[in-house]
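Engineer: Pasting run_11.csv here (CSV, C-alpha atoms):
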```csv
chain,number,residue,atom,x,y,z
A,14,MET,CA,109.4,81.9,124.9
A,15,GLU,CA,106.0,80.7,126.0
A,16,PRO,CA,103.7,79.9,123.0
A,17,ALA,CA,101.0,82.6,122.6
A,18,SER,CA,98.3,80.0,122.6
A,19,SER,CA,99.2,79.0,126.2
A,20,VAL,CA,99.2,82.5,127.6
A,21,PRO,CA,96.2,83.0,129.8
A,22,GLY,CA,93.6,85.4,128.3
A,23,THR,CA,95.0,85.2,124.8
A,24,GLN,CA,91.7,84.1,123.2
A,25,ALA,CA,89.8,86.9,124.9
A,26,ILE,CA,92.4,89.5,123.8
A,27,ALA,CA,92.2,88.1,120.2
A,28,ARG,CA,88.4,88.3,120.2
A,29,ALA,CA,88.4,91.8,121.6
A,30,ALA,CA,91.0,92.9,119.0
A,31,ARG,CA,88.9,91.4,116.3
A,32,LEU,CA,85.9,93.4,117.5
A,33,LEU,CA,87.9,96.6,117.6
A,34,ARG,CA,89.0,96.1,114.0
A,35,LEU,CA,85.4,95.5,112.9
A,36,VAL,CA,84.2,98.6,114.8
A,37,THR,CA,86.8,100.8,113.2
A,38,ALA,CA,86.2,99.3,109.8
A,39,ALA,CA,82.5,100.2,110.0
A,40,GLY,CA,83.4,103.9,109.9
A,41,SER,CA,81.3,106.8,111.2
A,42,ASP,CA,78.1,104.9,110.8
A,43,GLY,CA,79.1,102.3,113.3
A,44,ALA,CA,77.9,98.7,113.4
A,45,SER,CA,75.2,96.8,115.2
A,46,LEU,CA,75.7,94.1,117.8
A,47,GLN,CA,74.3,91.5,115.4
A,48,GLU,CA,76.6,92.6,112.5
A,49,LEU,CA,79.7,92.5,114.8
A,50,ALA,CA,78.8,89.2,116.3
A,51,VAL,CA,78.3,87.6,112.9
A,52,ALA,CA,81.5,89.1,111.4
A,53,ALA,CA,83.6,88.0,114.5
A,54,GLU,CA,82.0,84.6,114.6
A,55,LEU,CA,80.9,85.1,118.2
A,56,SER,CA,77.6,84.6,120.0
A,57,ARG,CA,75.6,87.8,120.7
A,58,SER,CA,76.2,87.4,124.4
A,59,THR,CA,79.9,87.0,124.0
A,60,ALA,CA,80.2,89.9,121.6
A,61,HIS,CA,78.1,92.1,123.9
A,62,ARG,CA,80.2,91.2,127.0
A,63,LEU,CA,83.5,92.0,125.2
A,64,LEU,CA,82.1,95.3,123.7
A,65,SER,CA,80.9,96.4,127.1
A,66,ALA,CA,84.4,95.7,128.6
A,67,LEU,CA,85.9,97.7,125.7
A,68,LYS,CA,83.4,100.5,126.3
A,69,SER,CA,84.3,100.8,130.0
A,70,GLU,CA,87.9,101.4,128.9
A,71,GLY,CA,86.9,104.0,126.3
A,72,LEU,CA,88.0,102.0,123.4
A,73,VAL,CA,84.5,101.8,121.8
A,74,ASP,CA,81.4,103.7,122.3
A,75,ARG,CA,77.7,103.0,121.8
A,76,ASP,CA,75.4,105.6,120.2
A,77,GLY,CA,72.4,106.1,122.5
A,78,ALA,CA,69.9,106.6,119.7
A,79,SER,CA,70.9,104.0,117.2
A,80,THR,CA,72.6,101.6,119.7
A,81,ARG,CA,75.3,101.1,117.1
A,82,TRP,CA,78.9,100.6,118.2
A,83,MET,CA,81.6,103.1,117.2
A,84,PRO,CA,85.3,103.8,117.9
A,85,GLY,CA,85.8,105.3,121.4
A,86,PRO,CA,87.9,108.3,122.5
A,87,GLU,CA,90.8,106.3,123.8
A,88,LEU,CA,91.4,105.0,120.3
A,89,PHE,CA,91.9,108.5,119.1
A,90,LEU,CA,94.4,109.2,121.8
A,91,MET,CA,96.3,106.0,121.2
A,92,GLY,CA,96.2,106.6,117.5
A,93,SER,CA,97.6,110.1,117.9
A,94,VAL,CA,100.6,108.7,119.7
A,95,ALA,CA,101.2,105.8,117.3
A,96,ALA,CA,100.9,108.0,114.3
A,97,ALA,CA,104.3,109.6,115.1
A,98,ARG,CA,105.9,106.2,114.3
A,99,TYR,CA,103.6,104.4,111.9
A,100,ASP,CA,101.6,107.0,110.0
A,101,VAL,CA,102.9,107.9,106.5
A,102,THR,CA,99.7,109.7,105.3
A,103,THR,CA,101.4,113.1,105.7
A,104,LEU,CA,104.2,112.0,103.5
A,105,ALA,CA,101.9,110.3,101.0
A,106,ARG,CA,98.9,112.7,100.7
A,107,ASP,CA,100.2,114.9,97.9
A,108,ILE,CA,101.5,111.9,96.0
A,109,VAL,CA,98.1,110.1,96.2
A,110,ARG,CA,96.4,113.4,95.1
A,111,SER,CA,98.8,113.7,92.2
A,112,LEU,CA,98.1,110.1,91.2
A,113,ALA,CA,94.3,110.9,91.1
A,114,VAL,CA,94.8,114.1,89.1
A,115,LYS,CA,97.1,112.5,86.5
A,116,THR,CA,95.0,109.4,86.0
A,117,GLU,CA,91.5,110.8,86.6
A,118,GLU,CA,90.8,107.6,88.6
A,119,SER,CA,90.3,107.1,92.4
A,120,ALA,CA,93.7,106.7,94.1
A,121,PHE,CA,94.5,105.1,97.4
A,122,LEU,CA,97.2,104.4,100.0
A,123,SER,CA,96.9,101.2,101.9
A,124,VAL,CA,99.1,99.8,104.6
A,125,ARG,CA,99.9,96.2,105.5
A,126,ARG,CA,98.7,95.1,108.9
A,127,ALA,CA,99.6,91.4,109.5
A,128,ASP,CA,97.7,89.4,106.9
A,129,GLU,CA,95.5,92.3,105.7
A,130,THR,CA,95.7,95.6,104.0
A,131,VAL,CA,93.9,98.7,105.4
A,132,CYS,CA,93.1,101.7,103.3
A,133,LEU,CA,94.5,104.9,104.8
A,134,LEU,CA,93.8,107.5,102.1
A,135,ARG,CA,91.4,108.0,99.2
A,136,GLU,CA,91.5,110.7,96.6
A,137,GLU,CA,88.8,111.0,94.0
A,138,GLY,CA,89.7,111.4,90.3
A,139,SER,CA,87.9,113.7,88.0
A,140,PHE,CA,86.2,110.9,85.9
A,141,PRO,CA,82.5,111.0,86.9
A,142,ILE,CA,81.9,107.2,87.1
A,143,ARG,CA,83.7,105.9,90.2
A,144,SER,CA,84.3,102.6,92.0
A,145,PHE,CA,83.4,102.5,95.7
A,146,VAL,CA,85.0,99.1,96.5
A,147,LEU,CA,87.7,100.8,98.7
A,148,SER,CA,87.6,103.7,101.2
A,149,GLU,CA,89.4,104.7,104.4
A,150,GLY,CA,89.4,101.9,107.0
A,151,VAL,CA,88.3,99.1,104.6
A,152,ARG,CA,90.4,95.9,105.0
A,153,PHE,CA,91.1,93.1,102.6
A,154,PRO,CA,93.2,90.0,103.0
A,155,LEU,CA,96.5,90.1,101.2
A,156,GLY,CA,96.2,88.9,97.6
A,157,VAL,CA,92.6,90.0,97.2
A,158,ALA,CA,92.5,93.7,96.3
A,159,SER,CA,95.2,95.0,94.0
A,160,ALA,CA,97.1,96.7,96.9
A,161,GLY,CA,97.3,93.4,98.8
A,162,LEU,CA,98.3,91.5,95.7
A,163,ALA,CA,101.1,93.9,95.1
A,164,ILE,CA,102.4,93.7,98.6
A,165,LEU,CA,102.1,89.9,98.7
A,166,ALA,CA,104.0,89.5,95.4
A,167,PHE,CA,107.1,91.2,96.8
A,168,LEU,CA,107.3,89.4,100.1
A,169,PRO,CA,109.9,86.6,100.4
A,170,ASP,CA,108.8,83.3,99.0
A,171,HIS,CA,108.8,81.6,102.4
A,172,ASP,CA,106.4,84.4,103.7
A,173,VAL,CA,104.1,83.8,100.8
A,174,ASP,CA,104.1,80.1,101.4
A,175,ALA,CA,103.3,80.6,105.1
A,176,TYR,CA,100.5,83.0,104.3
A,177,LEU,CA,98.8,80.6,101.9
A,178,ASP,CA,99.1,77.8,104.4
A,179,ARG,CA,97.4,80.0,107.0
A,180,HIS,CA,94.6,81.0,104.7
A,181,PRO,CA,93.1,78.0,102.8
A,182,GLU,CA,89.8,79.8,103.0
A,183,LEU,CA,90.6,82.5,100.4
A,184,ALA,CA,89.0,80.6,97.5
A,185,GLY,CA,85.9,79.9,99.4
A,186,ALA,CA,85.5,83.4,100.7
A,187,TRP,CA,86.6,85.3,97.5
A,188,GLY,CA,86.1,82.9,94.6
A,189,ARG,CA,88.2,80.3,92.8
A,190,ALA,CA,90.4,82.9,91.3
A,191,HIS,CA,91.9,83.2,94.8
A,192,GLY,CA,92.8,79.6,95.1
A,193,ARG,CA,96.5,78.7,95.7
A,194,LEU,CA,97.4,78.0,92.0
A,195,PRO,CA,95.6,80.9,90.3
A,196,LEU,CA,96.8,83.3,93.0
A,197,ARG,CA,100.4,82.2,92.6
A,198,ALA,CA,100.1,82.8,88.9
A,199,ARG,CA,98.9,86.3,89.5
A,200,LEU,CA,101.7,86.9,92.0
A,201,ALA,CA,104.2,85.8,89.4
A,202,GLU,CA,102.6,88.1,86.8
A,203,THR,CA,102.7,91.0,89.3
A,204,LYS,CA,106.4,90.6,90.0
A,205,GLU,CA,107.2,90.4,86.3
A,206,ARG,CA,105.0,93.4,85.4
A,207,GLY,CA,105.9,95.5,88.5
A,208,TYR,CA,102.3,96.2,89.5
A,209,ALA,CA,99.2,94.2,90.3
A,210,VAL,CA,96.0,94.0,88.2
A,211,ASN,CA,92.6,93.1,89.7
A,212,PRO,CA,90.2,92.5,86.7
A,213,GLY,CA,87.0,92.9,88.6
A,214,LEU,CA,87.5,90.0,90.9
A,215,ILE,CA,85.9,91.7,94.0
A,216,VAL,CA,83.1,93.6,92.2
A,217,GLU,CA,82.3,92.8,88.6
A,218,GLY,CA,83.2,95.7,86.4
A,219,SER,CA,85.4,97.4,89.0
A,220,TRP,CA,89.1,97.1,88.1
A,221,GLY,CA,92.2,98.0,90.2
A,222,LEU,CA,95.9,98.4,89.8
A,223,GLY,CA,98.3,98.3,92.7
A,224,ALA,CA,102.0,99.0,93.3
A,225,ALA,CA,104.0,98.2,96.4
A,226,VAL,CA,105.7,100.9,98.4
A,227,PHE,CA,108.8,99.8,100.3
A,228,ASP,CA,110.4,100.8,103.6
A,229,ARG,CA,114.1,101.5,104.1
A,230,ALA,CA,114.9,97.8,104.4
A,231,GLY,CA,113.2,97.0,101.1
A,232,ARG,CA,110.0,95.4,102.7
A,233,PRO,CA,106.7,96.1,101.0
A,234,GLU,CA,104.7,97.7,103.8
A,235,TRP,CA,102.3,99.9,101.8
A,236,ALA,CA,100.8,100.1,98.4
A,237,LEU,CA,99.4,102.8,96.1
A,238,SER,CA,96.4,101.7,94.0
A,239,LEU,CA,93.9,102.9,91.4
A,240,THR,CA,90.3,101.7,90.9
A,241,GLY,CA,87.8,102.5,88.2
A,242,VAL,CA,85.3,101.0,85.8
A,243,GLU,CA,86.4,98.3,83.4
A,244,PHE,CA,86.2,100.2,80.1
A,245,ARG,CA,88.8,102.7,81.5
A,246,PHE,CA,91.3,99.9,81.8
A,247,GLY,CA,91.9,98.8,78.3
A,248,PRO,CA,95.3,97.4,77.3
A,249,ASP,CA,96.8,100.6,76.0
A,250,ARG,CA,95.6,102.8,78.8
A,251,MET,CA,96.4,100.2,81.4
A,252,ALA,CA,100.1,100.2,80.4
A,253,GLU,CA,100.1,104.0,80.8
A,254,LEU,CA,98.3,103.8,84.2
A,255,GLY,CA,100.8,101.2,85.3
A,256,ARG,CA,103.7,103.4,84.5
A,257,THR,CA,102.2,106.4,86.3
A,258,LEU,CA,101.3,104.3,89.3
A,259,LEU,CA,104.9,102.8,89.5
A,260,ALA,CA,106.4,106.2,89.2
A,261,HIS,CA,104.3,107.5,92.2
A,262,ALA,CA,105.1,104.4,94.2
A,263,HIS,CA,108.8,104.8,93.6
A,264,GLN,CA,108.5,108.5,94.6
A,265,LEU,CA,106.8,107.5,97.9
A,266,SER,CA,109.3,104.7,98.7
A,267,ALA,CA,112.2,107.2,98.2
A,268,ARG,CA,110.5,109.8,100.4
A,269,ILE,CA,109.9,107.2,103.1
A,270,ALA,CA,113.5,106.1,102.9
A,271,SER,CA,114.8,109.6,103.2
A,272,THR,CA,112.6,110.7,106.2
A,273,ARG,CA,111.9,107.7,108.4
A,274,ARG,CA,115.3,107.3,110.2
```
Translate this file's structure into structure tokens.
Structural biologist:
Amino acid sequence: MEPASSVPGTQAIARAARLLRLVTAAGSDGASLQELAVAAELSRSTAHRLLSALKSEGLVDRDGASTRWMPGPELFLMGSVAAARYDVTTLARDIVRSLAVKTEESAFLSVRRADETVCLLREEGSFPIRSFVLSEGVRFPLGVASAGLAILAFLPDHDVDAYLDRHPELAGAWGRAHGRLPLRARLAETKERGYAVNPGLIVEGSWGLGAAVFDRAGRPEWALSLTGVEFRFGPDRMAELGRTLLAHAHQLSARIASTRR
């Protein structure tokens, strides 16, 4: 098979895909050309040229008043077709809602996409002080947010090694706690505990718990997670939250196994 790097047009496709992900991650407010160019590490002219090409295909759109870039109508049509195979939100929605009700914290479903997690569902708990680190469409590298830490912990060792080799920038981008050695320590703790703990490493004072959700083959492809303010995650309550989270994750794994034939 021909290496991907030698296929003509691969770089342009990768850049366009990166811009598509950034546009969708920006949500309903969209993103400016400058924001997209900086995030994609492209010049403004290159970003504009690629966005214009995507717009001509209906994959992105540009708001006439704000000039911000937003997802286009073709993405909706493509997503509707892909949802039949990949979307588990219908299966998970009541479980995520139950998790939020029982814990009173914000509850989430995230999916693994290559080396990232993407939030698919958010349900608010009844506790009035909330964390807004995570919402639908937000992406994090594996091992950063609690959902991605839970997924990474249950991948085969060789996959974890390869991931860490591909991403030496994690410590620089997310802090020393995400360096290879401390991250490996948290992965080991997660496997032993059964669920991941993020003690305010993304936003100070905002804690998270995450539990992997597995497909029929036993691969960690999704995660349920909880976020809240630090004082709600004391040792005694954290153990209770962890048990509740794991029970809901097991329930969703079983549901996926029984329905996704």
Engineer: Could you check the closest approach to Ser139 of chain A for each of A:Gly188, A:Val173, A:Ser271, A:Gly241 and tell me which residue wins, using all atoms listed in the file?
Structural biologist: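 For Ser139 of chain A, the nearest of the given residues is A:Gly241.
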Engineer: Go ahead and compute the interatomic distance for atom CA of Ala236 of chain A and atom CA of Asp42 of chain A, in Å to one decimal.
Structural biologist: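 Pair atom CA of Ala236 of chain A / atom CA of Asp42 of chain A returns 26.3 Å.
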Engineer: Could you build a table of the residues in segment 123-194 of chain A lying no more than 7 Å from segment 205-216 of chain A, giving for each the nearest pair of atoms and their separation in Å rounded to one decimal place, using all atoms listed in the file, ordered by chain and ascending residue number, as a tab-separated table?
Structural biologist:
```
residue	atom	partner	partner_atom	distance
A:Ala158	CA	A:Asn211	CA	6.6
A:Ser159	CA	A:Asn211	CA	5.4
A:Leu162	CA	A:Ala209	CA	6.1
A:Ala163	CA	A:Ala209	CA	5.2
```
Engineer: Write out as an MDAnalysis selection string each polymer residue whose atoms come within 10 Å of Ala160 of chain A, counting only C-alpha atoms; drop sequence neighbours fewer than 2 positions from it.
Structural biologist: chainID A and resid 121:125 129:132 153:158 162:165 208:211 221:226 235:239
Engineer: Given all atoms listed in the file, how would the per-residue table for segment 119-195 of chain A near segment 228-232 of chain A read, listing every residue at most 10 Å away with its closest atom pair and distance in Å to one decimal, sorted by chain and number, as a tab-separated table?
Structural biologist:
```
residue	atom	partner	partner_atom	distance
A:Ile164	CA	A:Arg232	CA	8.8
A:Phe167	CA	A:Arg232	CA	7.8
A:Leu168	CA	A:Arg232	CA	7.1
A:Pro169	CA	A:Arg232	CA	9.1
```
Engineer: Show me, as JSON, the centre and edge lengths in Å to one decimal of the axis-aligned box that covers every listed atom of segment 196-209 of chain A with 8 Å on each side.
Structural biologist:
```
{"center_x": 102.0, "center_y": 89.2, "center_z": 89.2, "size_x": 26.4, "size_y": 30.0, "size_z": 23.6}
```
Engineer: Which one is closest to Ser148 of chain A: A:Asp172, A:Met91, A:Ile269, A:Ser119? Count only C-alpha atoms.
Structural biologist: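 Of the candidates, the smallest distance to Ser148 of chain A is held by A:Ser119.
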Engineer: Which residue out of A:Asp174, A:Phe227, A:Val151, A:Leu32 has the minimum interatomic distance to Leu259 of chain A when all atoms listed in the file are used?
Structural biologist: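 Looking only at the distances to Leu259 of chain A, the closest residue turns out to be A:Phe227.
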Engineer: Report the distance between atom CA of Ala78 of chain A and atom CA of Ala38 of chain A in Å, rounded to one decimal place.
Structural biologist: 20.4 Å
Engineer: Given the choices A:Met83, A:Ala270, A:Asp76, A:Gln264, which gets closest to Ala105 of chain A if the distance is worked out from only C-alpha atoms?
Structural biologist: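 Ranked by minimum distance to Ala105 of chain A, first place goes to A:Gln264.
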Engineer: To one decimal place in Å, what is the distance between atom CA of Arg81 of chain A and atom CA of Leu46 of chain A?
Structural biologist: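 Here the two named atoms are 7.0 Å from each other.
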Engineer: Compile the contact shell of Ala184 of chain A as a list in words: residues with an atom at most 10 Å away, counting all atoms listed in the file, same-chain residues fewer than 4 positions apart removed.
Structural biologist: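 That gives His180, Gly188, Arg189, Ala190, His191, Gly192, Arg193, Pro195 and Leu196 of chain A.
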